[in-house]
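For reference, the structure is listed below as structure tokens.
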Amino acid sequence: MIQRRQSRTVVVGKVPIGGKNPVIVQSMTKTATSDVDATVREILELEEAGCQIIRVAVPKAGDAQAIAEIKKRIHIPIVADIHFAPTLAFAALEAGADKIRINPGNIKDREVLTKIARAAASRGVPMRIGVNGGSIVPMDIRLADRAANAPFDLSEYMAHEAFEWIEFFETIGFRDFVVSLKASTVLDTVRATQKVAAGCDYPLHLGVTHAGAIEEATIRSAMGIGSLLLQGIGDTIRVSIAGPPLDEIKVGREILKSLGLAAPGINLVACPSCGRSEIDLAKTVEEIKRRTAGFKGNMHIAVMGCEVNGPGESVEGDIGLVAGRGFAFIYKNGKKHRRIPEATMIDEFVAEVKAMSAESKAPGSSSS
Ligand code: SF4
């Protein structure tokens, strides 16, 4: 069990971040926000996959205005991502944004920030102070450090920047915010976030920025976000992938599941398969994963290629499939339940999972 850092709670729409609340998974749309139909379509798919908060880019006035219409057609809180242009923050608030993300690397005017914070506070809307490693340290300082062979610690600059803005917002009486420190390297992200986690109680949004295509992004995010979560740090996560946003949600949820931090759901484990397996295990796992993806309830499923490790692993699962030669066994709650023919193995197993998942979400029922 991970001992989580005690943070204060910030409520985005109806979704609480921080405190004792579960870690929230969020993503960002890749559409032009002003294209309302395309943006809503993307958000509804993300909701279905488990996205709990969505952020949209707001580079133009039309994007801010579109938030009002988008909000009517989605079911999760919407965050306006603001860079450079403070007027867009006011327009997004006017349109009903549930949270405003600002980057103090590109909006520095304290009077303007005070006005944004007051406008947000008057609507009960929180903000995120999103410190990004790429936009805080002027290139001339980096190059000078490199030329002087001086060790350049980006995480120090990032933490310093975050504390400066935390102090500023506290001075003007605004405390309704989440903080993030994202760099494109795992080490800088982790170190900067650790420093800020130790020095305040604001909820922390985790992510490794510009993490790359799916393979690189998955590994970097699992290392960066995962290692912080293991230390009890982090209240909401966003996996950044140069690819479909659905993958961000899938990877984010898997990171949480792997640490036992996910909201209830289906958790599928499978052996890697080897020369002992008599079935095409990868295909079987993919098929079972696809057909159980929409099941509700809280369940652990094991799919194993043979009886060497199969029964043992299946004992850990609520329900397990252990393949043999021409047949398979279904295990339930650690006990051999029944033998089924290989030809109907997937159909019968999925039917059992469906029945168990219906039981596990029934009122008064419990599942391990
Ligand atoms: S469970 Fe069996 S098939 Fe799967 S990896 Fe282990 S020995 Fe190989």
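Labels for the structure tokens follow display order: chains A, B, ..., residues from 1 in each chain, ligands from 1.
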
Rows by chain and residue number, segment 204-294 of chain A within 12 Å of segment 26-43 of chain A, shortest pair, only C-alpha atoms, as a Markdown table:
| residue | atom | partner | partner_atom | distance |
| --- | --- | --- | --- | --- |
| A:His205 | CA | A:Gln26 | CA | 9.6 |
| A:Leu206 | CA | A:Gln26 | CA | 10.2 |
| A:Gly207 | CA | A:Gln26 | CA | 10.3 |
| A:Asp235 | CA | A:Gln26 | CA | 10.9 |
| A:Thr236 | CA | A:Gln26 | CA | 7.2 |
| A:Ile237 | CA | A:Gln26 | CA | 6.1 |
| A:Arg238 | CA | A:Gln26 | CA | 5.2 |
| A:Val239 | CA | A:Ser27 | CA | 7.1 |
| A:Ser240 | CA | A:Ser27 | CA | 7.9 |
| A:Ile241 | CA | A:Ser27 | CA | 9.8 |
| A:Ala242 | CA | A:Lys30 | CA | 9.7 |
| A:Gly243 | CA | A:Lys30 | CA | 9.0 |
| A:Pro244 | CA | A:Lys30 | CA | 7.9 |
| A:Pro245 | CA | A:Thr29 | CA | 6.7 |
| A:Leu246 | CA | A:Ser27 | CA | 8.4 |
| A:Asp247 | CA | A:Ser27 | CA | 9.6 |
| A:Glu248 | CA | A:Ser27 | CA | 6.6 |
| A:Ile249 | CA | A:Ser27 | CA | 6.7 |
| A:Lys250 | CA | A:Ser27 | CA | 10.4 |
| A:Val251 | CA | A:Ser27 | CA | 10.9 |
| A:Gly252 | CA | A:Gln26 | CA | 8.2 |
| A:Arg253 | CA | A:Gln26 | CA | 9.7 |

What would the file look like if the residues just selected were written as a PDB file, in the first residue's frame with C-alpha atoms?
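Output file part_0.pdb follows:
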ATOM      1  CA  HIS A 205      -0.226  17.101 -11.558  1.00  0.00           C
ATOM      2  CA  LEU A 206       2.372  14.662 -12.929  1.00  0.00           C
ATOM      3  CA  GLY A 207       3.652  14.163 -16.431  1.00  0.00           C
ATOM      4  CA  ASP A 235      -2.753  13.615  -7.400  1.00  0.00           C
ATOM      5  CA  THR A 236      -3.506  13.645 -11.116  1.00  0.00           C
ATOM      6  CA  ILE A 237      -1.569  12.386 -14.147  1.00  0.00           C
ATOM      7  CA  ARG A 238      -1.348  13.088 -17.826  1.00  0.00           C
ATOM      8  CA  VAL A 239       0.642  10.802 -20.091  1.00  0.00           C
ATOM      9  CA  SER A 240       1.927  12.787 -23.056  1.00  0.00           C
ATOM     10  CA  ILE A 241       2.118  10.793 -26.309  1.00  0.00           C
ATOM     11  CA  ALA A 242       2.755  11.920 -29.876  1.00  0.00           C
ATOM     12  CA  GLY A 243      -0.173   9.818 -31.063  1.00  0.00           C
ATOM     13  CA  PRO A 244      -3.879   9.244 -30.471  1.00  0.00           C
ATOM     14  CA  PRO A 245      -5.045  10.638 -27.106  1.00  0.00           C
ATOM     15  CA  LEU A 246      -6.818   7.347 -26.376  1.00  0.00           C
ATOM     16  CA  ASP A 247      -3.377   5.812 -25.894  1.00  0.00           C
ATOM     17  CA  GLU A 248      -2.646   8.440 -23.228  1.00  0.00           C
ATOM     18  CA  ILE A 249      -5.624   7.232 -21.213  1.00  0.00           C
ATOM     19  CA  LYS A 250      -4.820   3.545 -21.715  1.00  0.00           C
ATOM     20  CA  VAL A 251      -1.222   4.039 -20.571  1.00  0.00           C
ATOM     21  CA  GLY A 252      -2.208   6.334 -17.696  1.00  0.00           C
ATOM     22  CA  ARG A 253      -4.714   3.834 -16.374  1.00  0.00           C
TER      23      ARG A 253
END

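Non-sequential neighbours of segment 120-131 of chain A (distance at most 8 Å, separation of 6 or more positions within a chain, only C-alpha atoms) are Val10, Val11, Val12, Gly13, Leu93, Ala97, Asp98, Lys99, Ile100, Arg101, Ile102, Asn103, Pro104, Gly105, Met158, Glu161, Ala162, Trp165, Phe174, Asp176, Phe177, Val178, Val179, Ser180, Leu181 and Lys182 of chain A.
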
Could the residues in this selection be written to a file with N, CA and C atoms, as an mmCIF file, in the first residue's frame?
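Wrote it out as out36.cif, contents follow:
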data_model
loop_
_atom_site.group_PDB
_atom_site.id
_atom_site.type_symbol
_atom_site.label_atom_id
_atom_site.label_comp_id
_atom_site.auth_asym_id
_atom_site.auth_seq_id
_atom_site.Cartn_x
_atom_site.Cartn_y
_atom_site.Cartn_z
ATOM 1 N N VAL A 10 -8.430 20.315 -4.415
ATOM 2 C CA VAL A 10 -8.856 21.343 -5.370
ATOM 3 C C VAL A 10 -9.933 20.692 -6.238
ATOM 4 N N VAL A 11 -11.074 21.356 -6.369
ATOM 5 C CA VAL A 11 -12.182 20.729 -7.103
ATOM 6 C C VAL A 11 -12.315 21.340 -8.499
ATOM 7 N N VAL A 12 -12.241 20.477 -9.503
ATOM 8 C CA VAL A 12 -12.337 20.916 -10.898
ATOM 9 C C VAL A 12 -13.691 20.445 -11.426
ATOM 10 N N GLY A 13 -14.594 21.361 -11.683
ATOM 11 C CA GLY A 13 -15.961 20.939 -12.021
ATOM 12 C C GLY A 13 -16.496 20.188 -10.818
ATOM 13 N N LEU A 93 -12.791 31.638 -19.184
ATOM 14 C CA LEU A 93 -13.600 31.674 -17.954
ATOM 15 C C LEU A 93 -15.034 32.064 -18.287
ATOM 16 N N ALA A 97 -15.040 27.515 -18.655
ATOM 17 C CA ALA A 97 -13.957 26.559 -18.383
ATOM 18 C C ALA A 97 -13.954 26.198 -16.897
ATOM 19 N N ASP A 98 -13.689 24.911 -16.600
ATOM 20 C CA ASP A 98 -13.702 24.452 -15.210
ATOM 21 C C ASP A 98 -12.353 24.635 -14.527
ATOM 22 N N LYS A 99 -11.328 24.884 -15.320
ATOM 23 C CA LYS A 99 -9.988 25.141 -14.754
ATOM 24 C C LYS A 99 -9.190 25.877 -15.821
ATOM 25 N N ILE A 100 -8.272 26.709 -15.358
ATOM 26 C CA ILE A 100 -7.403 27.434 -16.285
ATOM 27 C C ILE A 100 -5.974 26.984 -16.018
ATOM 28 N N ARG A 101 -5.300 26.532 -17.073
ATOM 29 C CA ARG A 101 -3.880 26.204 -16.929
ATOM 30 C C ARG A 101 -3.077 27.387 -17.470
ATOM 31 N N ILE A 102 -2.205 27.917 -16.634
ATOM 32 C CA ILE A 102 -1.327 28.974 -17.123
ATOM 33 C C ILE A 102 0.121 28.499 -17.027
ATOM 34 N N ASN A 103 0.933 29.037 -17.897
ATOM 35 C CA ASN A 103 2.353 28.715 -17.896
ATOM 36 C C ASN A 103 3.088 29.983 -17.476
ATOM 37 N N PRO A 104 3.611 30.007 -16.239
ATOM 38 C CA PRO A 104 4.267 31.234 -15.784
ATOM 39 C C PRO A 104 5.532 31.561 -16.571
ATOM 40 N N GLY A 105 5.946 30.628 -17.444
ATOM 41 C CA GLY A 105 7.100 30.895 -18.300
ATOM 42 C C GLY A 105 6.749 31.874 -19.406
ATOM 43 N N MET A 158 13.378 24.833 -12.225
ATOM 44 C CA MET A 158 11.934 24.568 -12.284
ATOM 45 C C MET A 158 11.298 24.700 -10.897
ATOM 46 N N GLU A 161 11.186 28.318 -9.831
ATOM 47 C CA GLU A 161 10.100 29.012 -10.538
ATOM 48 C C GLU A 161 8.739 28.684 -9.910
ATOM 49 N N ALA A 162 8.539 27.410 -9.622
ATOM 50 C CA ALA A 162 7.250 27.001 -9.037
ATOM 51 C C ALA A 162 7.039 27.674 -7.685
ATOM 52 N N TRP A 165 6.059 31.323 -7.933
ATOM 53 C CA TRP A 165 4.658 31.589 -8.310
ATOM 54 C C TRP A 165 3.692 31.137 -7.233
ATOM 55 N N PHE A 174 -4.810 33.779 -3.271
ATOM 56 C CA PHE A 174 -5.376 32.742 -4.140
ATOM 57 C C PHE A 174 -4.641 31.426 -3.882
ATOM 58 N N ASP A 176 -6.325 28.270 -4.702
ATOM 59 C CA ASP A 176 -7.096 27.205 -5.334
ATOM 60 C C ASP A 176 -6.383 26.738 -6.608
ATOM 61 N N PHE A 177 -5.233 26.119 -6.420
ATOM 62 C CA PHE A 177 -4.495 25.684 -7.616
ATOM 63 C C PHE A 177 -3.743 24.376 -7.424
ATOM 64 N N VAL A 178 -3.451 23.794 -8.572
ATOM 65 C CA VAL A 178 -2.660 22.570 -8.674
ATOM 66 C C VAL A 178 -1.341 22.997 -9.300
ATOM 67 N N VAL A 179 -0.265 22.277 -9.013
ATOM 68 C CA VAL A 179 1.047 22.644 -9.565
ATOM 69 C C VAL A 179 1.584 21.472 -10.387
ATOM 70 N N SER A 180 2.231 21.795 -11.491
ATOM 71 C CA SER A 180 2.930 20.732 -12.233
ATOM 72 C C SER A 180 4.322 21.205 -12.605
ATOM 73 N N LEU A 181 5.240 20.248 -12.666
ATOM 74 C CA LEU A 181 6.615 20.534 -13.094
ATOM 75 C C LEU A 181 6.985 19.475 -14.113
ATOM 76 N N LYS A 182 6.961 19.863 -15.370
ATOM 77 C CA LYS A 182 7.210 18.869 -16.415
ATOM 78 C C LYS A 182 8.454 19.225 -17.221
#

I'd like to know which residues of segment 90-321 of chain A are alpha helix (DSSP H) (by DSSP, run on the backbone); could you write them as a compact mmCIF listing (two decimals) with C-alpha atoms, in the first residue's frame?
# COMPACT_ATOMS: atom_id res chain seq x y z
CA PHE A 90 -10.76 35.67 -19.38
CA ALA A 91 -12.57 34.48 -22.50
CA ALA A 92 -12.25 30.83 -21.41
CA LEU A 93 -13.60 31.67 -17.95
CA GLU A 94 -16.47 33.54 -19.57
CA ALA A 95 -17.21 30.44 -21.68
CA ARG A 110 1.85 40.00 -12.02
CA GLU A 111 -0.96 42.49 -12.38
CA VAL A 112 -2.46 40.46 -15.18
CA LEU A 113 -2.03 37.22 -13.24
CA THR A 114 -3.75 38.82 -10.26
CA LYS A 115 -6.71 39.73 -12.48
CA ILE A 116 -6.90 36.19 -13.90
CA ALA A 117 -6.76 34.66 -10.41
CA ARG A 118 -9.50 37.00 -9.16
CA ALA A 119 -11.71 36.29 -12.17
CA ALA A 120 -11.21 32.54 -11.60
CA ALA A 121 -11.87 32.84 -7.85
CA SER A 122 -15.09 34.79 -8.44
CA MET A 139 18.81 29.77 -23.67
CA ASP A 140 21.67 32.20 -22.96
CA ILE A 141 21.88 30.96 -19.35
CA ARG A 142 21.90 27.34 -20.49
CA LEU A 143 24.52 28.02 -23.13
CA ALA A 144 26.64 30.05 -20.70
CA ASP A 145 26.51 27.19 -18.18
CA ARG A 146 27.47 24.73 -20.87
CA ALA A 147 30.33 26.94 -22.09
CA LEU A 154 17.13 22.23 -14.74
CA SER A 155 15.14 20.78 -11.84
CA GLU A 156 16.53 23.53 -9.56
CA TYR A 157 15.33 26.24 -11.93
CA MET A 158 11.93 24.57 -12.28
CA ALA A 159 11.38 24.18 -8.54
CA HIS A 160 12.57 27.73 -7.93
CA GLU A 161 10.10 29.01 -10.54
CA ALA A 162 7.25 27.00 -9.04
CA PHE A 163 7.92 28.26 -5.51
CA GLU A 164 8.13 31.83 -6.76
CA TRP A 165 4.66 31.59 -8.31
CA ILE A 166 3.19 29.67 -5.40
CA GLU A 167 4.35 32.46 -3.13
CA PHE A 168 2.98 35.10 -5.47
CA PHE A 169 -0.50 33.54 -5.65
CA GLU A 170 -0.53 33.04 -1.87
CA THR A 171 0.38 36.70 -1.40
CA VAL A 186 12.50 11.73 -16.39
CA LEU A 187 15.23 12.85 -13.98
CA ASP A 188 14.44 16.57 -14.20
CA THR A 189 10.71 15.93 -13.92
CA VAL A 190 11.12 13.68 -10.89
CA ARG A 191 13.65 15.86 -9.08
CA ALA A 192 11.76 19.10 -9.63
CA THR A 193 8.48 17.53 -8.51
CA GLN A 194 10.09 15.97 -5.41
CA LYS A 195 11.45 19.37 -4.38
CA VAL A 196 8.07 21.07 -4.70
CA ALA A 197 6.22 18.15 -3.09
CA ALA A 198 8.41 18.56 -0.01
CA GLY A 199 7.76 22.28 0.28
CA ILE A 214 4.08 5.58 -27.93
CA GLU A 215 7.00 3.27 -27.02
CA GLU A 216 9.26 6.04 -25.69
CA ALA A 217 6.40 7.91 -24.05
CA THR A 218 5.07 4.81 -22.31
CA ILE A 219 8.46 3.98 -20.81
CA ARG A 220 9.33 7.56 -19.87
CA SER A 221 5.90 8.12 -18.33
CA ALA A 222 5.93 4.84 -16.45
CA MET A 223 9.38 5.72 -15.06
CA GLY A 224 8.68 9.39 -14.31
CA ILE A 225 5.05 9.33 -13.21
CA GLY A 226 5.38 5.85 -11.73
CA SER A 227 8.42 6.59 -9.59
CA LEU A 228 6.76 9.70 -8.15
CA LEU A 229 3.52 7.84 -7.44
CA LEU A 230 5.53 5.11 -5.73
CA PRO A 245 -5.04 10.64 -27.11
CA LEU A 246 -6.82 7.35 -26.38
CA ASP A 247 -3.38 5.81 -25.89
CA GLU A 248 -2.65 8.44 -23.23
CA ILE A 249 -5.62 7.23 -21.21
CA LYS A 250 -4.82 3.55 -21.72
CA VAL A 251 -1.22 4.04 -20.57
CA GLY A 252 -2.21 6.33 -17.70
CA ARG A 253 -4.71 3.83 -16.37
CA GLU A 254 -2.21 0.99 -16.67
CA ILE A 255 0.35 2.96 -14.66
CA LEU A 256 -2.22 3.46 -11.90
CA LYS A 257 -3.35 -0.17 -12.04
CA SER A 258 0.21 -1.42 -11.78
CA LEU A 281 -1.33 -16.66 -26.25
CA ALA A 282 -0.78 -13.14 -27.57
CA LYS A 283 -3.81 -13.43 -29.83
CA THR A 284 -5.90 -14.92 -27.02
CA VAL A 285 -4.93 -12.13 -24.60
CA GLU A 286 -5.68 -9.42 -27.17
CA GLU A 287 -9.07 -10.96 -27.90
CA ILE A 288 -9.97 -11.27 -24.20
CA LYS A 289 -8.74 -7.75 -23.54
CA ARG A 290 -10.83 -6.36 -26.40
CA ARG A 291 -13.97 -8.23 -25.36
CA THR A 292 -13.75 -7.38 -21.66
CA GLY A 310 -0.79 -21.04 -14.70
CA PRO A 311 -2.58 -22.41 -11.66
CA GLY A 312 -0.33 -20.47 -9.26
CA GLU A 313 -0.89 -17.19 -11.03
CA SER A 314 -4.57 -17.83 -11.43
CA VAL A 315 -4.92 -18.25 -7.68
CA GLU A 316 -3.99 -14.57 -7.45

key: Expected selection as a ChimeraX atom specification for ligand 1 within 12 Å, only C-alpha atoms and all ligand atoms   = /A:269-282,285,302-314,320-325

Near Arg339 of chain A, within 7 Å and counting only C-alpha atoms, which residues show up once chain neighbours fewer than 5 positions away are dropped, as a short mmCIF file (atom, residue, chain, number, x, y, z; two decimals) with N, CA and C atoms, in the first residue's frame?
data_model
loop_
_atom_site.label_atom_id
_atom_site.label_comp_id
_atom_site.auth_asym_id
_atom_site.auth_seq_id
_atom_site.Cartn_x
_atom_site.Cartn_y
_atom_site.Cartn_z
N PHE A 327 -7.52 -28.06 -24.68
CA PHE A 327 -8.52 -27.68 -23.67
C PHE A 327 -7.92 -26.57 -22.81
N ALA A 328 -8.73 -26.07 -21.89
CA ALA A 328 -8.23 -25.07 -20.93
C ALA A 328 -9.01 -25.22 -19.63
N PHE A 329 -8.42 -24.75 -18.54
CA PHE A 329 -9.14 -24.73 -17.27
C PHE A 329 -9.50 -23.28 -16.92
N ILE A 330 -10.69 -23.12 -16.38
CA ILE A 330 -11.03 -21.82 -15.80
C ILE A 330 -10.88 -21.96 -14.28
#

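Rounded to one decimal, atom CA of Asp318 of chain A and atom CA of His300 of chain A lie 5.2 Å from each other.
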